[in-house]
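Undergrad: Below is target.cif; it holds mmCIF, C-alpha atoms.
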data_run
#
loop_
_atom_site.label_atom_id
_atom_site.label_comp_id
_atom_site.auth_asym_id
_atom_site.auth_seq_id
_atom_site.Cartn_x
_atom_site.Cartn_y
_atom_site.Cartn_z
CA MET A 1 30.82 -0.34 -31.78
CA LYS A 2 27.10 0.01 -32.48
CA TYR A 3 26.51 -3.60 -31.37
CA LEU A 4 28.52 -3.09 -28.18
CA LEU A 5 26.45 -0.04 -27.26
CA ALA A 6 23.22 -1.88 -28.03
CA SER A 7 24.19 -4.90 -25.92
CA LEU A 8 25.24 -2.68 -23.01
CA LEU A 9 21.94 -0.80 -23.19
CA ILE A 10 19.93 -4.03 -23.29
CA GLY A 11 21.98 -5.39 -20.39
CA CYS A 12 21.13 -2.33 -18.30
CA LEU A 13 17.44 -2.57 -19.12
CA VAL A 14 17.09 -6.22 -18.15
CA SER A 15 19.43 -6.04 -15.16
CA PRO A 16 17.55 -7.05 -12.02
CA SER A 17 19.59 -4.71 -9.78
CA TRP A 18 17.03 -1.88 -9.98
CA SER A 19 14.33 -4.36 -9.06
CA GLY A 20 16.19 -5.25 -5.87
CA GLU A 21 16.44 -1.55 -4.97
CA SER A 22 12.73 -1.09 -5.60
CA GLU A 23 11.87 -4.12 -3.46
CA MET A 24 14.06 -2.80 -0.63
CA ALA A 25 12.44 0.64 -0.89
CA LEU A 26 8.99 -0.97 -0.69
CA LYS A 27 9.87 -3.14 2.30
CA GLU A 28 11.43 -0.20 4.19
CA PHE A 29 8.45 2.00 3.34
CA VAL A 30 5.97 -0.56 4.70
CA GLN A 31 8.07 -1.04 7.86
CA LYS A 32 8.05 2.73 8.45
CA LEU A 33 4.27 2.78 7.94
CA GLU A 34 3.77 0.00 10.48
CA LYS A 35 6.00 1.72 13.07
CA ILE A 36 3.75 4.79 13.31
CA GLU A 37 0.75 2.75 14.52
CA PRO A 38 -1.71 4.11 15.65
CA TRP A 39 -2.07 6.07 12.43
CA THR A 40 -3.17 9.57 13.33
CA GLN A 41 -3.57 12.33 10.78
CA GLU A 42 -0.47 14.06 12.17
CA LYS A 43 1.73 10.93 12.05
CA VAL A 44 0.65 10.06 8.52
CA GLU A 45 1.26 13.62 7.29
CA THR A 46 4.71 13.69 8.90
CA LEU A 47 5.84 10.29 7.63
CA LEU A 48 4.46 10.71 4.11
CA GLY A 49 5.33 14.40 3.77
CA VAL A 50 1.83 15.40 2.73
CA LYS A 51 -0.96 17.67 3.92
CA LEU A 52 -4.20 15.68 4.21
CA THR A 53 -7.42 17.52 3.45
CA MET A 54 -10.69 16.57 5.14
CA THR A 55 -13.10 15.25 2.52
CA SER A 56 -15.90 13.84 4.66
CA SER A 57 -17.04 13.63 8.26
CA ASP A 58 -19.65 12.24 10.62
CA PRO A 59 -19.05 9.62 11.87
CA ARG A 60 -16.22 8.49 9.56
CA THR A 61 -13.84 11.34 8.86
CA GLY A 62 -12.00 11.01 5.56
CA TYR A 63 -8.78 12.74 4.61
CA THR A 64 -6.99 12.69 1.26
CA ALA A 65 -3.88 13.97 -0.47
CA LEU A 66 -3.55 14.02 -4.25
CA GLY A 67 -0.37 14.61 -6.21
CA GLN A 68 2.78 12.71 -7.00
CA PHE A 69 4.70 11.53 -3.94
CA VAL A 70 7.98 9.63 -4.30
CA TYR A 71 8.88 7.31 -1.41
CA GLY A 72 11.86 5.46 -2.83
CA GLU A 73 13.21 3.75 -5.90
CA GLY A 74 10.18 2.95 -8.06
CA LEU A 75 7.68 3.71 -5.27
CA ILE A 76 5.42 6.59 -6.30
CA SER A 77 1.96 7.38 -4.93
CA ASP A 78 -0.68 9.60 -6.49
CA HIS A 79 -3.44 9.30 -3.88
CA ILE A 80 -3.36 8.84 -0.12
CA SER A 81 -6.49 8.44 1.98
CA LEU A 82 -7.08 8.03 5.69
CA GLU A 83 -10.36 7.24 7.46
CA ILE A 84 -10.87 7.83 11.17
CA PHE A 85 -13.94 6.95 13.23
CA ALA A 86 -14.74 10.35 14.76
CA PRO A 87 -16.53 9.24 17.98
CA THR A 88 -13.50 7.24 19.19
CA ASN A 89 -10.77 8.89 17.08
CA GLU A 90 -9.66 5.40 15.96
CA THR A 91 -8.05 4.92 12.58
CA LEU A 92 -10.05 2.64 10.30
CA ILE A 93 -8.16 2.57 6.99
CA LEU A 94 -5.01 4.06 5.50
CA ARG A 95 -4.70 3.57 1.74
CA ILE A 96 -1.78 4.51 -0.48
CA GLU A 97 -2.49 4.18 -4.20
CA LEU A 98 0.47 3.76 -6.50
CA ASP A 99 1.04 5.90 -9.57
CA ASP A 100 1.35 4.28 -13.00
CA LYS A 101 5.01 5.39 -12.98
CA SER A 102 5.78 3.09 -10.04
CA THR A 103 7.71 -0.11 -10.48
CA CYS A 104 5.49 -3.09 -11.27
CA PHE A 105 5.64 -5.04 -8.02
CA THR A 106 4.29 -8.51 -8.81
CA TRP A 107 2.31 -10.89 -6.62
CA GLU A 108 5.39 -13.14 -6.38
CA GLN A 109 7.61 -10.27 -5.24
CA ILE A 110 5.12 -9.28 -2.53
CA LYS A 111 4.78 -12.89 -1.33
CA LYS A 112 8.58 -13.10 -1.11
CA LEU A 113 8.90 -9.78 0.77
CA PHE A 114 5.93 -10.45 3.09
CA PRO A 115 5.64 -14.25 3.44
CA ASN A 116 2.79 -16.18 5.08
CA GLY A 117 0.04 -13.95 3.78
CA HIS A 118 -3.06 -15.02 1.88
CA MET A 119 -5.37 -13.89 -0.88
CA ASP A 120 -8.43 -12.04 0.37
CA SER A 121 -11.30 -14.35 1.11
CA TYR A 122 -14.13 -12.01 0.16
CA GLY A 123 -15.06 -14.00 -2.94
CA LEU A 124 -14.34 -13.25 -6.57
CA PRO A 125 -13.95 -9.55 -7.26
CA PRO A 126 -15.95 -7.91 -10.03
CA PRO A 127 -14.01 -7.33 -13.28
CA GLY A 128 -11.51 -4.50 -12.87
CA ALA A 129 -11.62 -4.59 -9.06
CA GLU A 130 -8.55 -5.11 -6.93
CA THR A 131 -7.61 -8.42 -5.39
CA TYR A 132 -5.56 -8.34 -2.21
CA TYR A 133 -2.66 -10.20 -0.74
CA LEU A 134 -3.28 -9.86 3.01
CA LYS A 135 -0.87 -10.12 5.88
CA GLU A 136 -2.44 -10.49 9.34
CA ARG A 137 -1.08 -8.18 12.02
CA THR A 138 -1.99 -7.71 15.69
CA TRP A 139 -3.49 -4.31 14.80
CA GLY A 140 -5.45 -5.63 11.76
CA GLU A 141 -4.47 -6.37 8.13
CA LEU A 142 -1.77 -5.15 5.82
CA GLY A 143 -3.06 -5.46 2.26
CA PHE A 144 -1.42 -5.20 -1.13
CA GLY A 145 -3.92 -4.53 -3.90
CA PHE A 146 -3.50 -5.82 -7.44
CA ARG A 147 -5.21 -5.19 -10.75
CA GLY A 148 -3.68 -7.54 -13.25
CA GLU A 149 -0.04 -8.37 -12.64
CA CYS A 150 1.09 -5.21 -10.81
CA MET A 151 0.48 -3.94 -7.29
CA THR A 152 -1.73 -0.86 -7.31
CA SER A 153 -2.12 -0.04 -3.61
CA ILE A 154 -1.04 -0.61 -0.04
CA LYS A 155 -3.84 -0.69 2.52
CA ILE A 156 -3.82 -0.79 6.29
CA LYS A 157 -7.13 -1.93 7.77
CA THR A 158 -7.25 -1.75 11.54
CA ASN A 159 -9.19 -3.96 13.92
CA ALA A 160 -11.51 -1.00 14.54
CA PHE A 161 -12.62 -1.42 10.91
CA ILE A 162 -12.41 -5.22 10.62
CA LYS A 163 -14.17 -6.37 13.81
CA PRO A 164 -17.49 -4.56 13.26
CA ARG A 165 -17.60 -5.88 9.68
CA GLN A 166 -16.95 -9.44 10.86
CA LYS A 167 -20.02 -9.22 13.11
CA LEU A 168 -22.16 -8.43 10.05
CA ARG A 169 -21.19 -11.67 8.29
#
Starting from the file, lay out its structure as structure tokens.

TA:
Amino acid sequence: MKYLLASLLIGCLVSPSWSGESEMALKEFVQKLEKIEPWTQEKVETLLGVKLTMTSSDPRTGYTALGQFVYGEGLISDHISLEIFAPTNETLILRIELDDKSTCFTWEQIKKLFPNGHMDSYGLPPPGAETYYLKERTWGELGFGFRGECMTSIKIKTNAFIKPRQKLR
């Protein structure tokens, strides 16, 4: 009986079914994020169920929310930030950082869920920095940040942010 219980427990722990649920939750979450473009403070707060607090202004206005926010099976955020260019009210960046309690979404899983992306081409990151898997969009870039094997963030960079930076290169 003890061996039966142990094998059932091990079978549940290594069963990939929860992983499929987590992947589906992630894909649906990202699709919902993309649908609210352009990303205003009000739309982000409504979709993510948070109250963003202004942390900086002039000319880039920054908003953040800290806490533990659950968005689906294995998808937990602990920090959300939004940057808006105040003179034009254009969104620059929306970043959702994942909590350590989130499922470990691997590079391979992200490539499978969001095919035809590429690794960021900004050179080698310093030790401990994130590397990104980027997916081009008409509005800018959808980025999935990694430190080590697991995804640590989801980032939306709009053309309002990307195009001025491209001119500097």

Undergrad: Go ahead and compute the interatomic distance for CA of Glu28 in chain A and CA of Leu48 in chain A, in Å to one decimal.

TA: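 Computed distance, CA of Glu28 in chain A to CA of Leu48 in chain A, equals 12.9 Å.
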
Undergrad: Could you give me, as a VMD selection string, the residues that have an atom at most 10 Å away from the point (11.2, 6.4, -2.5) in the coordinates of the file, using only C-alpha atoms?

TA: chain A and resid 21 to 22 24 to 26 28 to 29 69 to 77 102

Undergrad: Taking all atoms of range 52-68 of chain A that appear in the file, build a box with edges along x, y and z, extend it by 8 Å on every side, and state its centre and edge lengths in Å to one decimal, as AutoDock Vina command-line options.

TA:
--center_x -8.4 --center_y 13.0 --center_z 2.4 --size_x 38.4 --size_y 25.0 --size_z 34.9

Undergrad: Which of these, A:Val44, A:Ile80, A:Ile36, A:Val50, has the shortest distance to Asp99 in chain A once you count all atoms listed in the file?

TA: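 Of the candidates, the smallest distance to Asp99 in chain A is held by A:Ile80.
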
Undergrad: Please, what distance in Å, to one decimal, runs between CA of Asp120 in chain A and CA of Thr40 in chain A?

TA: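 Calculated distance between CA of Asp120 in chain A and CA of Thr40 in chain A is 25.7 Å.
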
Undergrad: Could you write out as a list in words the residues that the PyMOL selection byres ((chain A and resi 153) around 6) matches in the shown file?

TA: Ile96, Glu97, Leu98, Phe144, Gly145, Met151, Thr152 and Ile154 of chain A

Undergrad: Let me make sure I understand: among A:Arg147, A:Lys157, A:Lys27, A:His79, which one has the smallest atom-to-atom distance to Pro127 in chain A if we use all atoms listed in the file?

TA: A:Arg147

Undergrad: Let me know the residues the PyMOL selection byres ((chain A and resi 85) around 10) catches in the file above, as a ChimeraX atom specification.

TA: /A:57-62,83-84,86-93,160-161

Undergrad: Given the choices A:Thr158, A:Pro126, A:Lys43, A:Ala65, which gets closest to Trp139 in chain A if the distance is worked out from only C-alpha atoms?

TA: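 With only C-alpha atoms as the atom set, the closest residue is A:Thr158.
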
Undergrad: Can you work out which one of A:Lys135, A:Lys112, A:Ser81, A:Met54 has the shortest atom-to-atom distance to Leu66 in chain A, counting only C-alpha atoms?

TA: A:Ser81

Undergrad: Here is a test: counting all atoms listed in the file, which residue of A:Glu141, A:Glu34, A:Glu23, A:Glu130 is nearest to Glu108 in chain A?

TA: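 Ranking A:Glu141, A:Glu34, A:Glu23, A:Glu130 by distance to Glu108 in chain A, first place goes to A:Glu23.
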
Undergrad: Which residue, A:Lys35, A:His118, A:Lys163, A:Lys111, has the smallest gap to Gly140 in chain A when you use only C-alpha atoms?

TA: A:Lys163

Undergrad: Rounded to one decimal in Å, what is the spacing between CA of Thr131 in chain A and CA of Thr64 in chain A?

TA: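 Between CA of Thr131 in chain A and CA of Thr64 in chain A the gap is 22.1 Å.
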
Undergrad: Residues picked by the PyMOL selection byres ((chain A and resi 134) around 6) here, as a PyMOL selection string?

TA: chain A and resi 117-119+132-133+135+142-143
